[in-house]
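Data file: protein_20.cif. Format and content: mmCIF, C-alpha atoms.
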```
data_input
#
loop_
_atom_site.label_atom_id
_atom_site.label_comp_id
_atom_site.auth_asym_id
_atom_site.auth_seq_id
_atom_site.Cartn_x
_atom_site.Cartn_y
_atom_site.Cartn_z
CA MET A 1 -1.82 28.73 -135.69
CA LEU A 2 -2.01 25.01 -136.48
CA VAL A 3 0.47 22.71 -134.76
CA SER A 4 1.14 19.23 -136.07
CA LYS A 5 0.82 16.12 -133.94
CA LYS A 6 4.54 15.54 -134.39
CA ALA A 7 5.31 19.04 -133.10
CA LEU A 8 2.93 18.52 -130.17
CA ALA A 9 4.68 15.28 -129.35
CA GLY A 10 8.02 17.07 -129.47
CA LEU A 11 6.72 19.79 -127.17
CA GLY A 12 5.42 17.17 -124.79
CA SER A 13 8.82 15.44 -124.70
CA ALA A 14 10.57 18.73 -124.10
CA ALA A 15 8.18 19.57 -121.27
CA LEU A 16 8.75 16.15 -119.74
CA MET A 17 12.53 16.54 -119.93
CA ALA A 18 12.33 20.03 -118.39
CA SER A 19 10.14 18.67 -115.61
CA MET A 20 12.62 15.87 -114.95
CA ALA A 21 15.50 18.37 -114.87
CA VAL A 22 13.70 20.61 -112.39
CA GLY A 23 12.74 17.60 -110.31
CA SER A 24 16.34 16.42 -110.34
CA GLY A 25 17.55 19.86 -109.17
CA VAL A 26 15.04 19.93 -106.32
CA ALA A 27 15.97 16.39 -105.35
CA PHE A 28 19.65 17.39 -105.36
CA ALA A 29 18.87 20.23 -102.97
CA GLN A 30 16.62 18.19 -100.68
CA ASP A 31 18.87 15.11 -100.57
CA GLY A 32 21.99 17.06 -99.58
CA PRO A 33 22.85 17.54 -95.91
CA LEU A 34 22.79 21.35 -96.21
CA ARG A 35 19.20 22.59 -96.08
CA GLY A 36 16.91 25.14 -94.49
CA ASN A 37 18.34 28.40 -93.15
CA VAL A 38 22.07 28.99 -93.51
CA ARG A 39 23.94 31.96 -92.02
CA VAL A 40 27.04 33.16 -93.85
CA VAL A 41 29.20 35.24 -91.50
CA ILE A 42 31.86 37.47 -93.02
CA GLY A 43 35.03 39.05 -91.67
CA SER A 44 33.74 42.58 -92.16
CA THR A 45 31.23 44.79 -90.37
CA SER A 46 30.44 46.78 -93.50
CA THR A 47 27.42 46.03 -95.65
CA GLY A 48 28.78 48.33 -98.35
CA GLY A 49 32.23 46.79 -98.74
CA ASP A 50 33.67 44.27 -101.15
CA THR A 51 33.43 41.31 -98.74
CA TYR A 52 29.69 41.76 -98.25
CA GLN A 53 29.04 42.44 -101.92
CA ASN A 54 31.01 39.45 -103.14
CA SER A 55 29.58 37.12 -100.48
CA SER A 56 26.02 38.16 -101.31
CA ILE A 57 26.51 37.32 -104.99
CA VAL A 58 27.72 33.82 -104.09
CA ALA A 59 25.14 33.25 -101.33
CA ASP A 60 22.27 34.26 -103.62
CA ALA A 61 23.45 31.86 -106.32
CA LEU A 62 23.79 28.99 -103.84
CA SER A 63 20.38 29.75 -102.31
CA GLU A 64 18.75 29.38 -105.70
CA LYS A 65 20.74 26.31 -106.71
CA LEU A 66 20.22 24.42 -103.43
CA ASP A 67 16.77 25.77 -102.56
CA LEU A 68 18.07 27.29 -99.32
CA ASN A 69 17.59 30.51 -97.37
CA MET A 70 21.25 31.62 -97.23
CA LYS A 71 21.84 35.08 -95.76
CA VAL A 72 25.05 37.08 -95.29
CA ASP A 73 25.76 38.56 -91.85
CA ALA A 74 28.45 41.25 -91.55
CA VAL A 75 29.72 40.57 -88.02
CA GLY A 76 33.48 41.26 -88.38
CA ALA A 77 36.44 38.90 -88.30
CA ASN A 78 36.73 38.04 -84.60
CA SER A 79 33.01 37.54 -84.16
CA ALA A 80 32.80 35.50 -87.38
CA PHE A 81 35.56 33.13 -86.24
CA ARG A 82 33.93 32.70 -82.81
CA THR A 83 30.53 32.04 -84.39
CA LEU A 84 32.03 29.47 -86.76
CA ASP A 85 33.80 27.78 -83.84
CA ARG A 86 30.46 27.18 -82.11
CA ASP A 87 28.57 25.63 -85.03
CA SER A 88 29.68 22.32 -86.52
CA ARG A 89 26.21 21.49 -87.93
CA GLY A 90 26.69 23.46 -91.13
CA ASN A 91 24.06 26.10 -90.35
CA THR A 92 26.90 28.66 -90.15
CA LEU A 93 29.46 29.11 -92.91
CA MET A 94 32.06 31.84 -93.33
CA ILE A 95 33.36 33.78 -96.33
CA PHE A 96 36.49 35.88 -95.95
CA HIS A 97 39.65 36.72 -97.86
CA ASP A 98 43.44 36.61 -97.42
CA GLN A 99 43.17 38.65 -94.23
CA SER A 100 42.18 35.36 -92.55
CA TYR A 101 45.73 33.99 -92.77
CA LEU A 102 47.65 37.28 -93.06
CA GLY A 103 46.24 38.33 -89.69
CA TYR A 104 47.77 35.19 -88.21
CA LEU A 105 51.13 35.84 -89.88
CA TYR A 106 51.16 39.40 -88.55
CA GLY A 107 50.23 38.18 -85.05
CA VAL A 108 46.89 39.97 -84.88
CA GLU A 109 44.85 39.00 -81.82
CA GLY A 110 41.94 36.68 -82.61
CA TYR A 111 43.54 35.11 -85.69
CA ASP A 112 44.65 31.46 -85.75
CA ASN A 113 46.20 29.30 -88.45
CA ILE A 114 43.12 28.68 -90.59
CA PHE A 115 44.66 25.58 -92.16
CA GLU A 116 44.90 23.93 -88.75
CA LYS A 117 41.75 25.21 -87.06
CA TYR A 118 39.24 25.21 -89.94
CA THR A 119 38.40 23.46 -93.18
CA VAL A 120 39.23 25.73 -96.09
CA GLY A 121 36.51 25.72 -98.69
CA PRO A 122 36.38 26.86 -102.33
CA THR A 123 37.66 30.14 -103.66
CA VAL A 124 35.01 32.17 -105.48
CA ALA A 125 36.44 35.50 -106.67
CA ILE A 126 39.27 38.03 -106.69
CA ASN A 127 39.02 41.72 -105.94
CA PRO A 128 41.67 43.08 -108.34
CA GLY A 129 41.51 46.59 -106.92
CA ASN A 130 44.08 46.58 -104.09
CA ALA A 131 46.05 49.75 -104.79
CA TYR A 132 48.49 52.38 -103.57
CA LEU A 133 47.93 56.06 -104.30
CA VAL A 134 49.66 59.43 -103.85
CA PRO A 135 48.32 62.99 -103.98
CA LYS A 136 47.93 64.17 -107.55
CA ASP A 137 50.57 66.87 -106.94
CA SER A 138 53.04 64.44 -105.33
CA PRO A 139 56.68 64.69 -106.46
CA TYR A 140 56.62 60.89 -106.78
CA GLU A 141 55.44 60.09 -110.29
CA THR A 142 55.92 56.34 -110.01
CA LEU A 143 56.51 53.65 -107.43
CA ASN A 144 60.13 53.50 -108.60
CA ASP A 145 60.45 57.16 -107.58
CA ILE A 146 59.28 56.22 -104.09
CA ILE A 147 61.74 53.31 -103.84
CA ALA A 148 64.59 55.53 -105.07
CA ALA A 149 63.69 58.34 -102.65
CA VAL A 150 63.61 55.98 -99.67
CA GLY A 151 66.90 54.48 -100.83
CA GLU A 152 68.43 57.97 -100.78
CA GLY A 153 67.35 58.59 -97.20
CA GLU A 154 64.00 60.33 -97.62
CA THR A 155 61.22 59.41 -95.20
CA VAL A 156 58.08 58.27 -96.98
CA ARG A 157 54.93 57.74 -94.89
CA VAL A 158 52.42 55.09 -95.97
CA ALA A 159 48.93 54.95 -94.44
CA ILE A 160 47.77 51.37 -93.94
CA GLN A 161 45.41 49.37 -91.79
CA PRO A 162 47.85 47.05 -90.00
CA GLY A 163 47.74 43.29 -89.98
CA GLY A 164 46.42 42.07 -93.29
CA VAL A 165 45.61 42.85 -96.91
CA SER A 166 46.23 46.56 -96.39
CA GLU A 167 49.71 45.90 -94.98
CA ILE A 168 51.06 43.15 -97.24
CA GLY A 169 51.91 45.56 -100.08
CA PHE A 170 53.70 47.84 -97.60
CA SER A 171 55.67 44.82 -96.33
CA ALA A 172 56.61 43.84 -99.88
CA LEU A 173 57.70 47.39 -100.67
CA LYS A 174 59.82 47.55 -97.53
CA ASN A 175 61.35 44.17 -98.36
CA ALA A 176 62.19 45.37 -101.90
CA ILE A 177 63.92 48.46 -100.50
CA ALA A 178 65.92 46.24 -98.11
CA ILE A 179 67.08 44.22 -101.13
CA GLU A 180 67.85 47.17 -103.42
CA HIS A 181 69.00 49.69 -100.79
CA PRO A 182 70.15 47.70 -97.72
CA GLY A 183 69.82 49.62 -94.48
CA GLN A 184 67.43 52.23 -95.89
CA GLU A 185 64.17 50.30 -95.51
CA ASP A 186 63.29 51.95 -92.18
CA ASN A 187 62.83 55.22 -94.08
CA LEU A 188 59.56 53.73 -95.31
CA VAL A 189 57.28 54.39 -92.36
CA ALA A 190 53.85 52.90 -91.70
CA VAL A 191 51.10 55.28 -90.57
CA ASN A 192 48.82 52.78 -88.87
CA THR A 193 45.18 53.75 -89.12
CA GLY A 194 41.76 52.19 -89.67
CA SER A 195 39.18 52.16 -92.42
CA GLN A 196 39.57 53.42 -95.97
CA SER A 197 38.07 56.76 -95.04
CA ASP A 198 40.67 57.06 -92.27
CA LYS A 199 43.49 56.34 -94.72
CA ASN A 200 42.09 58.85 -97.18
CA GLN A 201 41.93 61.48 -94.46
CA GLN A 202 45.63 60.96 -93.68
CA LEU A 203 46.40 61.90 -97.28
CA PHE A 204 44.02 64.87 -97.27
CA ASP A 205 45.66 66.19 -94.08
CA ASP A 206 49.21 65.68 -95.39
CA GLN A 207 49.88 63.12 -92.66
CA ALA A 208 50.84 60.47 -95.24
CA ASP A 209 52.67 60.55 -98.57
CA VAL A 210 51.15 57.30 -99.87
CA ILE A 211 48.03 55.37 -98.90
CA ASN A 212 46.72 51.89 -99.44
CA GLY A 213 43.35 52.05 -101.15
CA THR A 214 41.25 50.30 -103.75
CA VAL A 215 40.20 51.02 -107.29
CA GLN A 216 36.57 50.82 -106.17
CA ALA A 217 36.90 53.28 -103.28
CA ASN A 218 39.50 55.68 -104.65
CA GLU A 219 39.01 55.89 -108.42
CA GLN A 220 36.58 58.77 -107.92
CA TYR A 221 39.36 60.87 -106.37
CA THR A 222 41.64 60.32 -109.37
CA ARG A 223 39.20 62.32 -111.53
CA LEU A 224 39.60 65.50 -109.47
CA PRO A 225 41.77 68.39 -110.68
CA GLU A 226 45.29 68.57 -109.27
CA ASP A 227 44.57 71.63 -107.14
CA ASP A 228 41.81 69.80 -105.25
CA GLN A 229 42.96 68.70 -101.78
CA LYS A 230 41.37 65.27 -102.32
CA ALA A 231 42.88 64.61 -105.76
CA MET A 232 44.88 61.36 -105.99
CA ARG A 233 46.50 59.16 -108.58
CA PHE A 234 47.42 55.51 -108.67
CA VAL A 235 51.06 54.42 -108.54
CA TRP A 236 50.60 50.67 -107.96
CA LEU A 237 48.03 47.91 -108.19
CA THR A 238 49.24 44.72 -106.52
CA ALA A 239 47.16 42.35 -108.67
CA ARG A 240 48.73 40.09 -111.26
CA GLU A 241 48.68 41.35 -114.84
CA GLN A 242 46.54 38.37 -115.93
CA THR A 243 44.01 39.23 -113.24
CA ILE A 244 43.53 42.81 -114.44
CA GLU A 245 43.37 41.54 -118.03
CA GLN A 246 40.18 39.68 -117.08
CA ALA A 247 38.47 42.88 -115.88
CA PRO A 248 35.88 44.54 -118.12
CA GLU A 249 37.47 46.57 -120.92
CA GLU A 250 35.81 49.74 -119.64
CA GLY A 251 37.49 49.24 -116.27
CA LEU A 252 35.81 51.19 -113.48
CA GLY A 253 34.48 54.72 -113.45
CA GLN A 254 36.57 56.72 -115.90
CA THR A 255 39.63 54.48 -115.60
CA SER A 256 39.84 51.85 -118.34
CA ARG A 257 41.38 48.41 -118.09
CA GLU A 258 44.24 49.60 -120.30
CA GLN A 259 44.97 52.42 -117.84
CA LEU A 260 44.85 50.06 -114.86
CA LEU A 261 47.37 47.78 -116.55
CA GLU A 262 49.90 50.63 -116.38
CA TYR A 263 50.12 50.12 -112.61
CA VAL A 264 50.78 46.37 -112.46
CA GLU A 265 53.78 44.16 -113.07
CA PRO A 266 55.75 44.23 -115.39
CA ASN A 267 55.20 48.00 -115.67
CA VAL A 268 55.66 48.31 -111.90
CA ASN A 269 58.27 46.09 -110.27
CA VAL A 270 58.58 45.28 -106.56
CA THR A 271 61.37 42.75 -106.26
CA MET A 272 61.27 39.75 -103.97
CA GLY A 273 64.81 38.79 -104.96
CA ASP A 274 65.94 36.01 -107.30
CA ASP A 275 64.33 37.68 -110.32
CA GLU A 276 60.86 37.33 -108.77
CA ASN A 277 58.49 40.26 -108.36
CA PHE A 278 55.77 40.66 -105.78
CA THR A 279 52.13 40.48 -106.82
CA PHE A 280 49.05 39.99 -104.69
CA ASP A 281 45.47 39.09 -105.59
CA LYS A 282 42.88 39.62 -102.85
CA GLU A 283 40.93 36.36 -102.99
CA PHE A 284 37.65 35.38 -101.34
CA PHE A 285 36.91 31.87 -100.09
CA PHE A 286 34.79 29.79 -97.73
CA LEU A 287 35.85 28.64 -94.28
CA TYR A 288 34.09 25.81 -92.42
CA ASN A 289 34.03 24.45 -88.90
CA LYS A 290 36.59 21.62 -88.75
CA ASP A 291 33.96 19.15 -87.50
CA MET A 292 31.33 19.96 -90.11
CA ASP A 293 30.01 17.05 -92.16
CA PRO A 294 32.38 16.57 -95.15
CA ALA A 295 29.29 15.87 -97.26
CA ILE A 296 28.37 19.56 -96.92
CA VAL A 297 31.80 20.53 -98.25
CA GLU A 298 31.19 18.26 -101.22
CA GLN A 299 27.64 19.56 -101.69
CA ILE A 300 28.79 23.19 -101.88
CA ASP A 301 31.70 22.29 -104.18
CA GLU A 302 29.35 20.49 -106.56
CA ALA A 303 26.76 23.25 -106.49
CA LEU A 304 29.34 25.97 -107.17
CA ALA A 305 30.89 23.92 -109.96
CA GLU A 306 27.47 23.84 -111.64
CA ILE A 307 26.86 27.54 -111.00
CA TYR A 308 30.19 28.54 -112.55
CA GLU A 309 29.64 26.12 -115.43
CA GLU A 310 26.35 27.87 -116.21
CA GLY A 311 28.23 31.17 -116.47
CA GLU A 312 25.73 33.72 -115.16
CA ILE A 313 27.56 34.39 -111.90
CA GLN A 314 30.71 35.41 -113.75
CA GLU A 315 28.85 38.25 -115.45
CA THR A 316 27.40 39.41 -112.14
CA GLN A 317 30.83 39.36 -110.52
CA LYS A 318 32.53 41.22 -113.36
CA ASN A 319 29.82 43.87 -113.36
CA ALA A 320 30.74 44.48 -109.70
CA PHE A 321 34.47 44.58 -110.63
CA PHE A 322 35.27 41.14 -109.21
CA ILE A 323 37.20 38.51 -111.16
CA PRO A 324 35.57 35.04 -111.06
CA ASN A 325 37.93 32.49 -109.55
CA PHE A 326 36.29 29.22 -108.54
CA LYS A 327 38.52 26.48 -107.19
CA PRO A 328 37.00 23.49 -105.34
CA SER A 329 37.91 22.98 -101.70
CA HIS A 330 40.86 20.58 -102.00
CA GLU A 331 42.50 22.60 -104.77
CA ALA A 332 41.77 25.89 -102.98
CA SER A 333 43.28 24.71 -99.70
CA GLU A 334 46.57 23.66 -101.32
CA TYR A 335 46.71 26.84 -103.40
CA LEU A 336 46.08 29.14 -100.42
CA GLN A 337 48.61 27.31 -98.22
CA ASP A 338 51.24 27.88 -100.89
CA LYS A 339 50.19 31.52 -101.09
CA MET A 340 50.48 31.91 -97.32
CA ALA A 341 53.99 30.42 -97.33
CA ARG A 342 55.06 32.82 -100.10
CA TYR A 343 54.01 35.91 -98.17
CA GLU A 344 55.23 34.58 -94.84
CA GLY A 345 58.77 34.88 -96.20
CA ILE A 346 58.28 38.59 -96.93
CA ILE A 347 56.87 39.28 -93.49
CA GLU A 348 59.70 37.38 -91.79
CA ASN A 349 62.33 39.29 -93.81
CA ILE A 350 61.29 42.68 -92.47
CA LYS A 351 60.79 41.77 -88.80
#
```
Could you express the structure from this file as structure tokens?
Amino acid sequence: MLVSKKALAGLGSAALMASMAVGSGVAFAQDGPLRGNVRVVIGSTSTGGDTYQNSSIVADALSEKLDLNMKVDAVGANSAFRTLDRDSRGNTLMIFHDQSYLGYLYGVEGYDNIFEKYTVGPTVAINPGNAYLVPKDSPYETLNDIIAAVGEGETVRVAIQPGGVSEIGFSALKNAIAIEHPGQEDNLVAVNTGSQSDKNQQLFDDQADVINGTVQANEQYTRLPEDDQKAMRFVWLTAREQTIEQAPEEGLGQTSREQLLEYVEPNVNVTMGDDENFTFDKEFFFLYNKDMDPAIVEQIDEALAEIYEEGEIQETQKNAFFIPNFKPSHEASEYLQDKMARYEGIIENIK
């Protein structure tokens, strides 16, 4: 095929521009204070859970953008905080979710006020799947049935993992009962347990009437026939309606986005009083050592802004049933402090 001199000149210019762009990207990575090997500790010990999965998506994108070797290490919350405390150089970063401040509000050992002890970095994603489920043959068809039953004196047992994301919906439900049926809220009883498999087992063994779960972990059980001991159905997703609306249309498994929307506000109402209803999005964000170089904070903010502008990471997140939610550090810190204050009121009301 013959190529004109003009076309060759154009190709040469394009190649030069591409080379300059690549060179600029490499220079950006090399000139920034964050370089080399970076360890990202997370507040979970599971390499199969949502924290690890979400953190790996973000770490991989940053590794490529900044030409770094950034690896996720699932060490658990207490160990992650201690590790972060010891490293102000920037070689250790942390990614966690709302548990990081809810644990403090609930008085869990090992949790401090993150807004005082650490620098709060950017938010990166939401897991919209925080859910509450009942056995498929439960007499409670809806969450309103549960609220009404508790208000009439029935004891309803809810399996949760105390002290964080798993408990905040239980706290909100108990607060709503206290508002709508004063004096009856103690009929809603927490069955304190551990992991998701532990909570599921409480339901299988008829030791709980309701469990906290997730769309990702529990949707498979909603497909089982009613006479199966493990069959469940959703009664409540705590996420905001606009959060679920951003999920893929096909939803997850055999549960579509349209079906998931049946379990969120305004279809399900958990009052906070004053015409306000409770919602909760489980959000993931960075935490930094307080003494870390502010230039690293800026470097990560700028890199993530470019990554989210390019758009590829959003598709990866949505394919894993996460909702993209990038906010730079300053905006994220203010937003999360407001969020903490909102839920602190609920927790204080039921103490």
Exercise. Closest to Arg82 (chain A) among A:Arg257, A:Asp98, A:Met70, A:Lys117, using all atoms listed in the file?
Worked result: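 Using all atoms listed in the file, Arg82 (chain A) sits closest to A:Lys117.
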For this session: Pick out the closest residue to Gly164 (chain A) from this set: A:Leu336, A:Ile313, A:Ile177, A:Val108. Count all atoms listed in the file.
Result: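 Looking only at the distances to Gly164 (chain A), the closest residue turns out to be A:Val108.
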Exercise. What do you get, as an NGL selection string, if you spell out every residue that the PyMOL selection byres ((chain A and resi 276) around 12) selects here?
Worked result: :A and (172 or 176 or 265-266 or 269-275 or 277-279 or 342)
Print the selection's residues with C-alpha atoms to a file, as a tab-separated table (two decimals), in the frame of the given file.
```tsv
chain	number	residue	atom	x	y	z
A	172	ALA	CA	56.61	43.84	-99.88
A	176	ALA	CA	62.19	45.37	-101.90
A	265	GLU	CA	53.78	44.16	-113.07
A	266	PRO	CA	55.75	44.23	-115.39
A	269	ASN	CA	58.27	46.09	-110.27
A	270	VAL	CA	58.58	45.28	-106.56
A	271	THR	CA	61.37	42.75	-106.26
A	272	MET	CA	61.27	39.75	-103.97
A	273	GLY	CA	64.81	38.79	-104.96
A	274	ASP	CA	65.94	36.01	-107.30
A	275	ASP	CA	64.33	37.68	-110.32
A	277	ASN	CA	58.49	40.26	-108.36
A	278	PHE	CA	55.77	40.66	-105.78
A	279	THR	CA	52.13	40.48	-106.82
A	342	ARG	CA	55.06	32.82	-100.10
```
For this session: Using the chain letters and residue numbers of this document, give as a ChimeraX atom specification the residues selected by the PyMOL selection byres ((chain A and resi 128) around 9).
Result: /A:126-127,129-131,214-215,237-240,243-244,247,280-283,321-323
Exercise. In terms of the shortest atom-to-atom distance over only C-alpha atoms, which of A:Tyr263, A:Phe326, A:Trp236, A:Phe81 is closest to Ala303 (chain A)?
Worked result: A:Phe326
Exercise. Exactly which residues make up the result of the PyMOL selection byres ((chain A and resi 343) around 12) on this file, given as number ranges by chain?
Worked result: A: 98-99, 101-106, 164-165, 167-172, 175, 272, 277-281, 336-342, 344-350
Exercise. Any idea what's packed within 10 Å of Glu298 (chain A), counting all atoms listed in the file, ignoring anything in its chain fewer than 5 positions away? Could you give it as a PyMOL selection string?
Worked result: chain A and resi 32-33+121+293+303-304+328-330
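Straight-line separation from CA of Arg86 (chain A) to CA of Asn289 (chain A): 8.1 Å.
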Exercise. Got a sec to check which residues sit within 12 Å of (30.9, 38.6, -105.1), counting all atoms listed in the file, and write them as an MDAnalysis selection string?
Worked result: chainID A and resid 49:61 72 95:97 123:127 283:285 313:326
Just need the box for region 312-325 of chain A, edges along x, y and z, holding every atom the file lists for it with 8 Å tacked onto each side, so centre and edge lengths in Å to one decimal, as JSON.
```
{"center_x": 31.8, "center_y": 38.5, "center_z": -112.3, "size_x": 28.2, "size_y": 28.1, "size_z": 22.2}
```
Problem set entry | All residues 12 Å or closer to Ser138 (chain A), all atoms listed in the file, same chain fewer than 5 positions away omitted, as a PyMOL selection string | chain A and resi 133+143+145-146+156+203+206+208-210+226-227+229+231-235
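Closest approach to Lys230 (chain A) from the set A:Val134, A:Leu287, A:Ala305, A:Val191 is made by A:Val134, with distances taken over all atoms listed in the file.
When CA of Gln161 (chain A) is paired with CA of Tyr140 (chain A), their separation reads 22.0 Å.
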For this session: Take the point (62.9, 51.9, -95.0) in the file's coordinates, draw a sphere of radius 9 Å around it, and report as a list in words every protein, DNA or RNA residue with an atom inside or on it, counting all atoms listed in the file.
Result: Val150, Gly151, Gly153, Glu154, Thr155, Val156, Leu173, Lys174, Asn175, Ile177, Ala178, His181, Pro182, Gly183, Gln184, Glu185, Asp186, Asn187, Leu188 and Val189 of chain A
Exercise. What does the distance from CA of Val297 (chain A) to CA of Ala77 (chain A) come to in Å, to one decimal?
Worked result: 21.4 Å
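Compared by their closest atoms to Arg89 (chain A), and using only C-alpha atoms, the residues A:Asp301, A:Gly253, A:Ala295, A:Ile211 rank with A:Ala295 nearest.
Using only C-alpha atoms, the shortest contact distance between Glu109 (chain A) and any of A:Asn78, A:Thr83, A:Gln207, A:Ser88 is found at A:Asn78.
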